[in-house]
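Peer 1: My file is start34.cif. It has mmCIF, C-alpha atoms, pLDDT in the B column; chains and numbers go by the auth columns:
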data_run
#
loop_
_atom_site.group_PDB
_atom_site.id
_atom_site.type_symbol
_atom_site.label_atom_id
_atom_site.label_comp_id
_atom_site.label_asym_id
_atom_site.label_seq_id
_atom_site.Cartn_x
_atom_site.Cartn_y
_atom_site.Cartn_z
_atom_site.B_iso_or_equiv
_atom_site.auth_seq_id
_atom_site.auth_asym_id
ATOM 1 C CA SER A 1 0.000 0.000 0.000 45.00 140 U
ATOM 2 C CA GLN A 2 1.189 3.514 -0.721 48.00 141 U
ATOM 3 C CA GLN A 3 2.398 5.508 2.238 57.00 142 U
ATOM 4 C CA GLY A 4 2.502 8.859 0.499 65.00 143 U
ATOM 5 C CA GLU A 5 0.016 10.533 -1.760 74.00 144 U
ATOM 6 C CA GLU A 6 1.438 13.282 -3.917 78.00 145 U
ATOM 7 C CA ASP A 7 -0.585 16.234 -5.056 81.00 146 U
ATOM 8 C CA PRO A 8 -0.950 17.227 -7.812 89.00 147 U
ATOM 9 C CA GLN A 9 -0.534 14.104 -9.937 90.00 148 U
ATOM 10 C CA ALA A 10 0.675 16.247 -12.824 93.00 149 U
ATOM 11 C CA LEU A 11 2.004 19.784 -13.002 95.00 150 U
ATOM 12 C CA SER A 12 2.969 21.818 -16.064 96.00 151 U
ATOM 13 C CA ILE A 13 4.794 25.132 -15.670 96.00 152 U
ATOM 14 C CA GLN A 14 7.027 27.506 -17.612 97.00 153 U
ATOM 15 C CA GLU A 15 10.771 27.697 -17.160 97.00 154 U
ATOM 16 C CA GLY A 16 11.669 30.113 -14.393 97.00 155 U
ATOM 17 C CA GLU A 17 8.495 29.508 -12.394 97.00 156 U
ATOM 18 C CA ASN A 18 8.406 27.745 -9.065 97.00 157 U
ATOM 19 C CA ALA A 19 6.971 24.261 -8.698 97.00 158 U
ATOM 20 C CA THR A 20 5.351 23.045 -5.510 96.00 159 U
ATOM 21 C CA MET A 21 4.465 19.421 -4.874 95.00 160 U
ATOM 22 C CA ASN A 22 2.725 18.127 -1.797 94.00 161 U
ATOM 23 C CA CYS A 23 2.810 14.768 -0.126 91.00 162 U
ATOM 24 C CA SER A 24 0.627 13.317 2.585 90.00 163 U
ATOM 25 C CA TYR A 25 1.366 10.114 4.419 88.00 164 U
ATOM 26 C CA LYS A 26 -0.587 7.764 6.595 86.00 165 U
ATOM 27 C CA THR A 27 1.567 6.397 9.393 83.00 166 U
ATOM 28 C CA SER A 28 4.308 7.795 11.606 85.00 167 U
ATOM 29 C CA ILE A 29 7.671 8.134 9.941 87.00 168 U
ATOM 30 C CA ASN A 30 11.274 8.456 10.992 85.00 169 U
ATOM 31 C CA ASN A 31 12.163 10.484 7.962 88.00 170 U
ATOM 32 C CA LEU A 32 10.751 11.470 4.615 91.00 171 U
ATOM 33 C CA GLN A 33 12.712 11.503 1.407 92.00 172 U
ATOM 34 C CA TRP A 34 12.090 12.975 -2.012 95.00 173 U
ATOM 35 C CA TYR A 35 13.283 11.321 -5.191 95.00 174 U
ATOM 36 C CA ARG A 36 13.278 12.259 -8.862 97.00 175 U
ATOM 37 C CA GLN A 37 12.852 9.844 -11.741 96.00 176 U
ATOM 38 C CA ASN A 38 13.455 10.661 -15.361 93.00 177 U
ATOM 39 C CA SER A 39 11.258 8.708 -17.773 84.00 178 U
ATOM 40 C CA GLY A 40 11.450 5.110 -16.569 73.00 179 U
ATOM 41 C CA ARG A 41 14.983 5.292 -15.231 82.00 180 U
ATOM 42 C CA GLY A 42 16.357 4.854 -11.736 86.00 181 U
ATOM 43 C CA LEU A 43 15.464 7.180 -8.906 93.00 182 U
ATOM 44 C CA VAL A 44 17.750 9.971 -7.840 94.00 183 U
ATOM 45 C CA HIS A 45 17.764 10.973 -4.191 92.00 184 U
ATOM 46 C CA LEU A 46 17.029 14.677 -3.746 95.00 185 U
ATOM 47 C CA ILE A 47 16.678 15.396 -0.080 94.00 186 U
ATOM 48 C CA LEU A 48 15.929 13.745 3.252 91.00 187 U
ATOM 49 C CA ILE A 49 14.156 15.440 6.118 93.00 188 U
ATOM 50 C CA ARG A 50 14.021 13.847 9.537 90.00 189 U
ATOM 51 C CA SER A 51 10.892 13.769 11.640 91.00 190 U
ATOM 52 C CA ASN A 52 12.320 16.313 14.090 92.00 191 U
ATOM 53 C CA GLU A 53 13.065 18.823 11.320 95.00 192 U
ATOM 54 C CA ARG A 54 10.575 21.298 9.905 96.00 193 U
ATOM 55 C CA GLU A 55 12.379 22.669 6.877 97.00 194 U
ATOM 56 C CA LYS A 56 15.414 21.853 4.818 97.00 195 U
ATOM 57 C CA HIS A 57 17.110 23.467 1.841 96.00 196 U
ATOM 58 C CA SER A 58 19.364 22.094 -0.842 95.00 197 U
ATOM 59 C CA GLY A 59 20.222 24.361 -3.737 97.00 198 U
ATOM 60 C CA ARG A 60 16.952 25.234 -5.489 97.00 199 U
ATOM 61 C CA LEU A 61 15.030 22.725 -3.376 98.00 200 U
ATOM 62 C CA ARG A 62 13.108 23.496 -0.232 98.00 201 U
ATOM 63 C CA VAL A 63 11.331 20.785 1.722 98.00 202 U
ATOM 64 C CA THR A 64 8.982 21.255 4.629 97.00 203 U
ATOM 65 C CA LEU A 65 7.586 18.641 6.961 96.00 204 U
ATOM 66 C CA ASP A 66 4.542 18.920 9.195 95.00 205 U
ATOM 67 C CA THR A 67 4.316 15.771 11.282 93.00 206 U
ATOM 68 C CA SER A 68 1.093 16.919 12.966 93.00 207 U
ATOM 69 C CA LYS A 69 -0.597 17.000 9.565 93.00 208 U
ATOM 70 C CA LYS A 70 1.435 14.106 8.187 92.00 209 U
ATOM 71 C CA SER A 71 2.375 16.177 5.176 93.00 210 U
ATOM 72 C CA SER A 72 5.412 17.443 3.329 94.00 211 U
ATOM 73 C CA SER A 73 6.004 19.783 0.446 96.00 212 U
ATOM 74 C CA LEU A 74 8.775 20.088 -2.102 97.00 213 U
ATOM 75 C CA LEU A 75 9.423 23.461 -3.697 98.00 214 U
ATOM 76 C CA ILE A 76 11.653 23.777 -6.733 98.00 215 U
ATOM 77 C CA THR A 77 12.526 27.394 -7.395 98.00 216 U
ATOM 78 C CA ALA A 78 13.420 28.917 -10.767 98.00 217 U
ATOM 79 C CA SER A 79 12.589 25.678 -12.564 97.00 218 U
ATOM 80 C CA ARG A 80 14.454 24.549 -15.659 97.00 219 U
ATOM 81 C CA ALA A 81 13.479 22.281 -18.531 96.00 220 U
ATOM 82 C CA ALA A 82 15.909 19.719 -17.065 95.00 221 U
ATOM 83 C CA ASP A 83 13.691 19.500 -13.968 97.00 222 U
ATOM 84 C CA THR A 84 11.068 17.709 -16.068 97.00 223 U
ATOM 85 C CA ALA A 85 10.630 14.380 -14.310 97.00 224 U
ATOM 86 C CA SER A 86 8.421 12.491 -11.878 96.00 225 U
ATOM 87 C CA TYR A 87 8.887 13.307 -8.211 96.00 226 U
ATOM 88 C CA PHE A 88 8.167 10.856 -5.418 94.00 227 U
ATOM 89 C CA CYS A 89 8.015 11.178 -1.700 93.00 228 U
ATOM 90 C CA ALA A 90 8.887 8.150 0.391 92.00 229 U
ATOM 91 C CA GLY A 91 8.534 7.543 4.085 89.00 230 U
ATOM 92 C CA SER A 92 10.739 5.426 6.264 84.00 231 U
ATOM 93 C CA GLN A 93 9.715 4.191 9.675 77.00 232 U
ATOM 94 C CA GLY A 94 13.204 3.517 10.978 67.00 233 U
ATOM 95 C CA GLY A 95 14.787 0.226 11.925 66.00 234 U
ATOM 96 C CA SER A 96 14.634 -0.712 8.280 68.00 235 U
ATOM 97 C CA GLU A 97 15.668 0.675 4.947 74.00 236 U
ATOM 98 C CA LYS A 98 12.184 -0.005 3.570 83.00 237 U
ATOM 99 C CA LEU A 99 10.718 3.007 1.798 86.00 238 U
ATOM 100 C CA VAL A 100 7.018 3.356 1.145 86.00 239 U
ATOM 101 C CA PHE A 101 6.450 5.505 -1.914 89.00 240 U
ATOM 102 C CA GLY A 102 3.620 7.664 -3.111 86.00 241 U
ATOM 103 C CA LYS A 103 2.432 7.544 -6.713 86.00 242 U
ATOM 104 C CA GLY A 104 4.399 10.616 -7.701 91.00 243 U
ATOM 105 C CA THR A 105 3.894 13.986 -9.331 94.00 244 U
ATOM 106 C CA LYS A 106 4.778 14.295 -12.993 95.00 245 U
ATOM 107 C CA LEU A 107 6.357 17.702 -13.511 97.00 246 U
ATOM 108 C CA THR A 108 6.729 19.210 -16.969 97.00 247 U
ATOM 109 C CA VAL A 109 8.754 22.390 -17.327 97.00 248 U
ATOM 110 C CA ASN A 110 8.178 24.046 -20.671 96.00 249 U
ATOM 111 C CA PRO A 111 11.076 26.038 -22.197 92.00 250 U
ATOM 112 C CA LYS B 1 32.728 6.039 -6.537 68.00 272 K
ATOM 113 C CA ALA B 2 30.775 3.834 -8.916 81.00 273 K
ATOM 114 C CA GLY B 3 27.017 3.880 -8.525 93.00 274 K
ATOM 115 C CA VAL B 4 24.614 1.005 -8.103 96.00 275 K
ATOM 116 C CA THR B 5 24.725 -1.291 -11.094 97.00 276 K
ATOM 117 C CA GLN B 6 22.028 -3.664 -12.237 97.00 277 K
ATOM 118 C CA THR B 7 22.215 -6.378 -14.829 97.00 278 K
ATOM 119 C CA PRO B 8 20.730 -7.045 -17.231 97.00 279 K
ATOM 120 C CA ARG B 9 19.121 -3.722 -18.134 96.00 280 K
ATOM 121 C CA TYR B 10 16.433 -5.277 -20.317 97.00 281 K
ATOM 122 C CA LEU B 11 14.976 -8.741 -20.342 97.00 282 K
ATOM 123 C CA ILE B 12 12.205 -10.467 -22.245 98.00 283 K
ATOM 124 C CA LYS B 13 10.861 -13.716 -20.872 98.00 284 K
ATOM 125 C CA THR B 14 7.939 -16.009 -21.526 98.00 285 K
ATOM 126 C CA ARG B 15 5.219 -16.884 -19.039 98.00 286 K
ATOM 127 C CA GLY B 16 6.231 -19.784 -16.839 98.00 287 K
ATOM 128 C CA GLN B 17 9.947 -19.141 -17.111 98.00 288 K
ATOM 129 C CA GLN B 18 12.113 -17.919 -14.274 98.00 289 K
ATOM 130 C CA VAL B 19 14.482 -14.967 -14.148 98.00 290 K
ATOM 131 C CA THR B 20 17.400 -13.799 -12.023 98.00 291 K
ATOM 132 C CA LEU B 21 18.302 -10.148 -11.700 98.00 292 K
ATOM 133 C CA SER B 22 21.555 -8.896 -10.245 98.00 293 K
ATOM 134 C CA CYS B 23 22.482 -5.812 -8.274 98.00 294 K
ATOM 135 C CA SER B 24 25.902 -4.541 -7.213 98.00 295 K
ATOM 136 C CA PRO B 25 25.686 -1.871 -4.496 96.00 296 K
ATOM 137 C CA ILE B 26 27.933 1.104 -4.027 94.00 297 K
ATOM 138 C CA SER B 27 31.212 0.064 -2.457 93.00 298 K
ATOM 139 C CA GLY B 28 30.896 0.076 1.325 89.00 299 K
ATOM 140 C CA HIS B 29 27.108 -0.079 1.327 91.00 300 K
ATOM 141 C CA ARG B 30 25.811 -3.045 3.255 89.00 301 K
ATOM 142 C CA SER B 31 22.065 -2.777 2.744 90.00 302 K
ATOM 143 C CA VAL B 32 20.355 -3.648 -0.519 94.00 303 K
ATOM 144 C CA SER B 33 16.650 -3.235 -1.178 94.00 304 K
ATOM 145 C CA TRP B 34 14.550 -4.210 -4.179 97.00 305 K
ATOM 146 C CA TYR B 35 11.485 -2.462 -5.553 96.00 306 K
ATOM 147 C CA GLN B 36 9.030 -3.221 -8.313 97.00 307 K
ATOM 148 C CA GLN B 37 7.610 -0.346 -10.335 95.00 308 K
ATOM 149 C CA THR B 38 4.520 -0.709 -12.507 94.00 309 K
ATOM 150 C CA PRO B 39 2.174 1.929 -13.952 90.00 310 K
ATOM 151 C CA GLY B 40 -0.733 0.550 -11.953 88.00 311 K
ATOM 152 C CA GLN B 41 0.789 -0.128 -8.551 89.00 312 K
ATOM 153 C CA GLY B 42 3.647 2.360 -8.569 90.00 313 K
ATOM 154 C CA LEU B 43 6.773 1.633 -6.553 93.00 314 K
ATOM 155 C CA GLN B 44 6.399 -1.307 -4.216 94.00 315 K
ATOM 156 C CA PHE B 45 8.933 -2.694 -1.782 94.00 316 K
ATOM 157 C CA LEU B 46 9.997 -6.274 -2.414 96.00 317 K
ATOM 158 C CA PHE B 47 12.668 -7.022 0.178 93.00 318 K
ATOM 159 C CA GLU B 48 15.713 -5.721 1.976 93.00 319 K
ATOM 160 C CA TYR B 49 18.980 -7.485 2.737 94.00 320 K
ATOM 161 C CA PHE B 50 21.703 -6.631 5.176 90.00 321 K
ATOM 162 C CA SER B 51 24.756 -8.793 5.896 89.00 322 K
ATOM 163 C CA GLU B 52 23.328 -11.635 3.825 93.00 323 K
ATOM 164 C CA THR B 53 20.114 -11.694 5.873 94.00 324 K
ATOM 165 C CA GLN B 54 16.671 -10.690 4.728 93.00 325 K
ATOM 166 C CA ARG B 55 15.582 -7.972 7.126 89.00 326 K
ATOM 167 C CA ASN B 56 12.241 -7.062 5.653 89.00 327 K
ATOM 168 C CA LYS B 57 9.883 -8.397 3.031 92.00 328 K
ATOM 169 C CA GLY B 58 7.019 -6.802 1.140 92.00 329 K
ATOM 170 C CA ASN B 59 3.686 -8.317 0.214 92.00 330 K
ATOM 171 C CA PHE B 60 4.707 -10.374 -2.755 96.00 331 K
ATOM 172 C CA PRO B 61 4.095 -14.067 -3.415 96.00 332 K
ATOM 173 C CA GLY B 62 6.742 -16.663 -2.681 96.00 333 K
ATOM 174 C CA ARG B 63 7.655 -16.726 -6.373 97.00 334 K
ATOM 175 C CA PHE B 64 9.744 -13.668 -5.598 98.00 335 K
ATOM 176 C CA SER B 65 12.912 -14.429 -3.701 97.00 336 K
ATOM 177 C CA GLY B 66 16.294 -12.912 -3.185 97.00 337 K
ATOM 178 C CA ARG B 67 19.633 -13.286 -1.577 97.00 338 K
ATOM 179 C CA GLN B 68 22.707 -11.295 -0.691 97.00 339 K
ATOM 180 C CA PHE B 69 26.286 -12.432 -0.938 96.00 340 K
ATOM 181 C CA SER B 70 29.188 -11.730 1.390 95.00 341 K
ATOM 182 C CA ASN B 71 30.377 -8.901 -0.881 93.00 342 K
ATOM 183 C CA SER B 72 26.912 -7.276 -0.521 94.00 343 K
ATOM 184 C CA ARG B 73 25.936 -8.022 -4.113 97.00 344 K
ATOM 185 C CA SER B 74 22.350 -9.161 -4.348 98.00 345 K
ATOM 186 C CA GLU B 75 20.204 -11.178 -6.674 98.00 346 K
ATOM 187 C CA MET B 76 16.487 -11.526 -6.939 98.00 347 K
ATOM 188 C CA ASN B 77 14.704 -14.400 -8.581 98.00 348 K
ATOM 189 C CA VAL B 78 11.188 -14.640 -9.927 98.00 349 K
ATOM 190 C CA SER B 79 9.944 -18.118 -10.727 96.00 350 K
ATOM 191 C CA THR B 80 6.962 -19.125 -12.856 97.00 351 K
ATOM 192 C CA LEU B 81 6.683 -15.725 -14.447 98.00 352 K
ATOM 193 C CA GLU B 82 3.286 -14.163 -15.007 98.00 353 K
ATOM 194 C CA LEU B 83 2.302 -11.366 -17.374 97.00 354 K
ATOM 195 C CA GLY B 84 1.757 -9.121 -14.357 96.00 355 K
ATOM 196 C CA ASP B 85 5.413 -9.434 -13.399 98.00 356 K
ATOM 197 C CA SER B 86 6.307 -7.137 -16.283 98.00 357 K
ATOM 198 C CA ALA B 87 7.819 -4.157 -14.540 97.00 358 K
ATOM 199 C CA LEU B 88 10.874 -2.073 -13.852 96.00 359 K
ATOM 200 C CA TYR B 89 12.813 -3.690 -11.019 97.00 360 K
ATOM 201 C CA LEU B 90 14.919 -1.275 -9.049 97.00 361 K
ATOM 202 C CA CYS B 91 17.677 -2.017 -6.620 96.00 362 K
ATOM 203 C CA ALA B 92 18.821 0.469 -4.004 95.00 363 K
ATOM 204 C CA SER B 93 21.781 0.438 -1.658 93.00 364 K
ATOM 205 C CA SER B 94 22.460 2.357 1.504 89.00 365 K
ATOM 206 C CA LEU B 95 25.335 2.688 3.909 83.00 366 K
ATOM 207 C CA ASP B 96 23.806 0.994 6.893 70.00 367 K
ATOM 208 C CA SER B 97 20.685 -0.544 8.234 51.00 368 K
ATOM 209 C CA GLY B 98 19.081 0.247 11.545 56.00 369 K
ATOM 210 C CA ILE B 99 20.066 3.870 11.136 60.00 370 K
ATOM 211 C CA THR B 100 18.319 4.989 8.004 56.00 371 K
ATOM 212 C CA TYR B 101 20.412 6.662 5.377 68.00 372 K
ATOM 213 C CA GLU B 102 19.609 7.950 1.941 82.00 373 K
ATOM 214 C CA GLN B 103 19.174 5.196 -0.586 87.00 374 K
ATOM 215 C CA TYR B 104 20.895 5.167 -3.944 91.00 375 K
ATOM 216 C CA PHE B 105 19.102 3.512 -6.803 94.00 376 K
ATOM 217 C CA GLY B 106 20.406 1.676 -9.811 96.00 377 K
ATOM 218 C CA PRO B 107 19.077 2.253 -13.346 95.00 378 K
ATOM 219 C CA GLY B 108 16.744 -0.722 -13.063 96.00 379 K
ATOM 220 C CA THR B 109 16.055 -3.873 -15.026 97.00 380 K
ATOM 221 C CA ARG B 110 13.059 -3.666 -17.309 97.00 381 K
ATOM 222 C CA LEU B 111 11.433 -7.081 -17.446 98.00 382 K
ATOM 223 C CA THR B 112 8.854 -7.868 -20.077 98.00 383 K
ATOM 224 C CA VAL B 113 6.908 -11.112 -19.773 98.00 384 K
ATOM 225 C CA THR B 114 5.130 -12.295 -22.921 97.00 385 K
#
Write the structure described by the file as structure tokens, please.
Peer 2:
Amino acid sequence: SQQGEEDPQALSIQEGENATMNCSYKTSINNLQWYRQNSGRGLVHLILIRSNEREKHSGRLRVTLDTSKKSSSLLITASRAADTASYFCAGSQGGSEKLVFGKGTKLTVNP
Amino acid sequence: KAGVTQTPRYLIKTRGQQVTLSCSPISGHRSVSWYQQTPGQGLQFLFEYFSETQRNKGNFPGRFSGRQFSNSRSEMNVSTLELGDSALYLCASSLDSGITYEQYFGPGTRLTVT
């Protein structure tokens, strides 16, 4: 069963705009990770936020976590055509490397 | 450092056959996990290995099995293939288990069952 549910399922924006993707999860987590996948290839780890953190930045990425609402958001600023990909959130409950993924948001950045 | 490698990258099999997929983790990584990705079910956890022991298993039938060798390389096997086993199979490695680290994924093996 999916742990995370991303919203929206698909997002189309223009280059230079910001993209925001949301993720909600069902059970308690130890940390939440965001991954990117380009067209049927392997996943690339973007950022990890631990359950005791509220916000984290990495380059053009900003992730927030609200454990009371069981939700997270990923913001990509100043998007580029190369950011076109599917983005997944995945929760980990600790004590195991098992990740439970959402269904992903398909982001299209138009040049 | 070399990334996670998976072989073969593409595979076509017939229903009823069996298949073995291989995964070599990043050097020094001791945990290897396997995931199945399909358009309908998304990314689903198959199993996780650490120090040659299966630590966790997803909700898949017994036709799906795996193992890990002393050098941390891992294989997964699917016996009596069904059409629904057509999927992208992804392997991920991480530095340790018990203390969760970021996972690094390989490019995947795309299995087509006809």
Peer 1: Ranking U:Leu204, U:Leu171, U:Val248, U:His184 by minimum distance to chain K and counting only C-alpha atoms, which one comes first?
Peer 2: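 Nearest to chain K: U:His184.
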Peer 1: Could you tell me which residues the PyMOL selection byres ((chain U) within 9 of (chain K)) returns for this structure, as a PyMOL selection string?
Peer 2: chain U and resi 140-141+169-170+172+179-184+186-187+231-243
Peer 1: Next, write the just-selected residues to a file, as a PDB file, in the frame of the given file, keeping C-alpha atoms as the atom set.
Peer 2:
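Listing of selection-v4.pdb after writing:
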ATOM      1  CA  SER U 140       0.000   0.000   0.000  1.00 45.00           C
ATOM      2  CA  GLN U 141       1.189   3.514  -0.721  1.00 48.00           C
ATOM      3  CA  ASN U 169      11.274   8.456  10.992  1.00 85.00           C
ATOM      4  CA  ASN U 170      12.163  10.484   7.962  1.00 88.00           C
ATOM      5  CA  GLN U 172      12.712  11.503   1.407  1.00 92.00           C
ATOM      6  CA  GLY U 179      11.450   5.110 -16.569  1.00 73.00           C
ATOM      7  CA  ARG U 180      14.983   5.292 -15.231  1.00 82.00           C
ATOM      8  CA  GLY U 181      16.357   4.854 -11.736  1.00 86.00           C
ATOM      9  CA  LEU U 182      15.464   7.180  -8.906  1.00 93.00           C
ATOM     10  CA  VAL U 183      17.750   9.971  -7.840  1.00 94.00           C
ATOM     11  CA  HIS U 184      17.764  10.973  -4.191  1.00 92.00           C
ATOM     12  CA  ILE U 186      16.678  15.396  -0.080  1.00 94.00           C
ATOM     13  CA  LEU U 187      15.929  13.745   3.252  1.00 91.00           C
ATOM     14  CA  SER U 231      10.739   5.426   6.264  1.00 84.00           C
ATOM     15  CA  GLN U 232       9.715   4.191   9.675  1.00 77.00           C
ATOM     16  CA  GLY U 233      13.204   3.517  10.978  1.00 67.00           C
ATOM     17  CA  GLY U 234      14.787   0.226  11.925  1.00 66.00           C
ATOM     18  CA  SER U 235      14.634  -0.712   8.280  1.00 68.00           C
ATOM     19  CA  GLU U 236      15.668   0.675   4.947  1.00 74.00           C
ATOM     20  CA  LYS U 237      12.184  -0.005   3.570  1.00 83.00           C
ATOM     21  CA  LEU U 238      10.718   3.007   1.798  1.00 86.00           C
ATOM     22  CA  VAL U 239       7.018   3.356   1.145  1.00 86.00           C
ATOM     23  CA  PHE U 240       6.450   5.505  -1.914  1.00 89.00           C
ATOM     24  CA  GLY U 241       3.620   7.664  -3.111  1.00 86.00           C
ATOM     25  CA  LYS U 242       2.432   7.544  -6.713  1.00 86.00           C
ATOM     26  CA  GLY U 243       4.399  10.616  -7.701  1.00 91.00           C
TER      27      GLY U 243
END
Peer 1: Would you mind telling me which residue in U:Ala158, U:Ile188, U:Leu246, U:Cys228 lies nearest to Thr206 (chain U) when using only C-alpha atoms?
Peer 2: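 Of the candidates, the smallest distance to Thr206 (chain U) is held by U:Ile188.
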Peer 1: Taking all atoms listed in the file into account, name the residue in K:Cys294, K:Ile283, K:Glu323, K:Arg344 that is nearest to Ser357 (chain K).
Peer 2: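 So, comparing all the options, the nearest one is K:Ile283.
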Peer 1: Got a sec: who's within 10 Å of Leu292 (chain K), counting only C-alpha atoms, leaving out chain neighbours fewer than 3 positions off, as a ChimeraX atom specification?
Peer 2: /K:277-280,282,337,345-349,360-362,379-380,382
Peer 1: Print the selection's residues with C-alpha atoms to a file, as a PDB file, in the coordinates of the input.
Peer 2:
ATOM      1  CA  GLN K 277      22.028  -3.664 -12.237  1.00 97.00           C
ATOM      2  CA  THR K 278      22.215  -6.378 -14.829  1.00 97.00           C
ATOM      3  CA  PRO K 279      20.730  -7.045 -17.231  1.00 97.00           C
ATOM      4  CA  ARG K 280      19.121  -3.722 -18.134  1.00 96.00           C
ATOM      5  CA  LEU K 282      14.976  -8.741 -20.342  1.00 97.00           C
ATOM      6  CA  GLY K 337      16.294 -12.912  -3.185  1.00 97.00           C
ATOM      7  CA  SER K 345      22.350  -9.161  -4.348  1.00 98.00           C
ATOM      8  CA  GLU K 346      20.204 -11.178  -6.674  1.00 98.00           C
ATOM      9  CA  MET K 347      16.487 -11.526  -6.939  1.00 98.00           C
ATOM     10  CA  ASN K 348      14.704 -14.400  -8.581  1.00 98.00           C
ATOM     11  CA  VAL K 349      11.188 -14.640  -9.927  1.00 98.00           C
ATOM     12  CA  TYR K 360      12.813  -3.690 -11.019  1.00 97.00           C
ATOM     13  CA  LEU K 361      14.919  -1.275  -9.049  1.00 97.00           C
ATOM     14  CA  CYS K 362      17.677  -2.017  -6.620  1.00 96.00           C
ATOM     15  CA  GLY K 379      16.744  -0.722 -13.063  1.00 96.00           C
ATOM     16  CA  THR K 380      16.055  -3.873 -15.026  1.00 97.00           C
ATOM     17  CA  LEU K 382      11.433  -7.081 -17.446  1.00 98.00           C
TER      18      LEU K 382
END
Peer 1: Calculated over all atoms listed in the file, which of the candidates U:Arg219, U:Arg193, U:Gly230, U:Gly155 has the smallest distance to Tyr174 (chain U)?
Peer 2: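 Smallest distance to Tyr174 (chain U) is found for U:Gly230.
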Peer 1: To one decimal place, how far is CA of Thr216 (chain U) from CA of Arg201 (chain U) in Å?
Peer 2: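 Computing it gives 8.2 Å between the two atoms.
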Peer 1: For CA of Leu354 (chain K) and CA of Ser336 (chain K), quote the distance in Å rounded to one decimal.
Peer 2: 17.6 Å
Peer 1: Mind rebuilding region 304-315 of chain K with N, CA, C and O atoms and writing that out as a PDB file, in the frame of the given file?
Peer 2:
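Once everything was written out, this is part-v7.pdb:
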ATOM      1  N   SER K 304      18.098  -3.071  -1.121  1.00 94.00           N
ATOM      2  CA  SER K 304      16.650  -3.235  -1.178  1.00 94.00           C
ATOM      3  C   SER K 304      16.223  -3.360  -2.631  1.00 94.00           C
ATOM      4  O   SER K 304      16.872  -2.827  -3.537  1.00 94.00           O
ATOM      5  N   TRP K 305      15.106  -4.032  -2.835  1.00 97.00           N
ATOM      6  CA  TRP K 305      14.550  -4.210  -4.179  1.00 97.00           C
ATOM      7  C   TRP K 305      13.127  -3.650  -4.215  1.00 97.00           C
ATOM      8  O   TRP K 305      12.353  -3.812  -3.250  1.00 97.00           O
ATOM      9  N   TYR K 306      12.803  -3.029  -5.351  1.00 96.00           N
ATOM     10  CA  TYR K 306      11.485  -2.462  -5.553  1.00 96.00           C
ATOM     11  C   TYR K 306      10.978  -2.837  -6.940  1.00 96.00           C
ATOM     12  O   TYR K 306      11.753  -2.972  -7.886  1.00 96.00           O
ATOM     13  N   GLN K 307       9.670  -3.001  -7.031  1.00 97.00           N
ATOM     14  CA  GLN K 307       9.030  -3.221  -8.313  1.00 97.00           C
ATOM     15  C   GLN K 307       8.232  -1.977  -8.674  1.00 97.00           C
ATOM     16  O   GLN K 307       7.521  -1.442  -7.826  1.00 97.00           O
ATOM     17  N   GLN K 308       8.366  -1.518  -9.899  1.00 95.00           N
ATOM     18  CA  GLN K 308       7.610  -0.346 -10.335  1.00 95.00           C
ATOM     19  C   GLN K 308       6.760  -0.699 -11.539  1.00 95.00           C
ATOM     20  O   GLN K 308       7.267  -1.136 -12.574  1.00 95.00           O
ATOM     21  N   THR K 309       5.448  -0.519 -11.408  1.00 94.00           N
ATOM     22  CA  THR K 309       4.520  -0.709 -12.507  1.00 94.00           C
ATOM     23  C   THR K 309       3.631   0.518 -12.617  1.00 94.00           C
ATOM     24  O   THR K 309       3.437   1.235 -11.635  1.00 94.00           O
ATOM     25  N   PRO K 310       3.067   0.760 -13.798  1.00 90.00           N
ATOM     26  CA  PRO K 310       2.174   1.929 -13.952  1.00 90.00           C
ATOM     27  C   PRO K 310       0.973   1.871 -13.017  1.00 90.00           C
ATOM     28  O   PRO K 310       0.523   2.897 -12.524  1.00 90.00           O
ATOM     29  N   GLY K 311       0.473   0.674 -12.762  1.00 88.00           N
ATOM     30  CA  GLY K 311      -0.733   0.550 -11.953  1.00 88.00           C
ATOM     31  C   GLY K 311      -0.489   0.629 -10.462  1.00 88.00           C
ATOM     32  O   GLY K 311      -1.214   1.301  -9.733  1.00 88.00           O
ATOM     33  N   GLN K 312       0.538  -0.030  -9.995  1.00 89.00           N
ATOM     34  CA  GLN K 312       0.789  -0.128  -8.551  1.00 89.00           C
ATOM     35  C   GLN K 312       1.882   0.826  -8.062  1.00 89.00           C
ATOM     36  O   GLN K 312       2.082   0.963  -6.857  1.00 89.00           O
ATOM     37  N   GLY K 313       2.579   1.456  -8.981  1.00 90.00           N
ATOM     38  CA  GLY K 313       3.647   2.360  -8.569  1.00 90.00           C
ATOM     39  C   GLY K 313       4.850   1.600  -8.051  1.00 90.00           C
ATOM     40  O   GLY K 313       5.122   0.475  -8.462  1.00 90.00           O
ATOM     41  N   LEU K 314       5.556   2.216  -7.121  1.00 93.00           N
ATOM     42  CA  LEU K 314       6.773   1.633  -6.553  1.00 93.00           C
ATOM     43  C   LEU K 314       6.416   0.829  -5.311  1.00 93.00           C
ATOM     44  O   LEU K 314       5.893   1.372  -4.345  1.00 93.00           O
ATOM     45  N   GLN K 315       6.723  -0.447  -5.348  1.00 94.00           N
ATOM     46  CA  GLN K 315       6.399  -1.307  -4.216  1.00 94.00           C
ATOM     47  C   GLN K 315       7.655  -2.020  -3.727  1.00 94.00           C
ATOM     48  O   GLN K 315       8.436  -2.544  -4.523  1.00 94.00           O
TER      49      GLN K 315
END
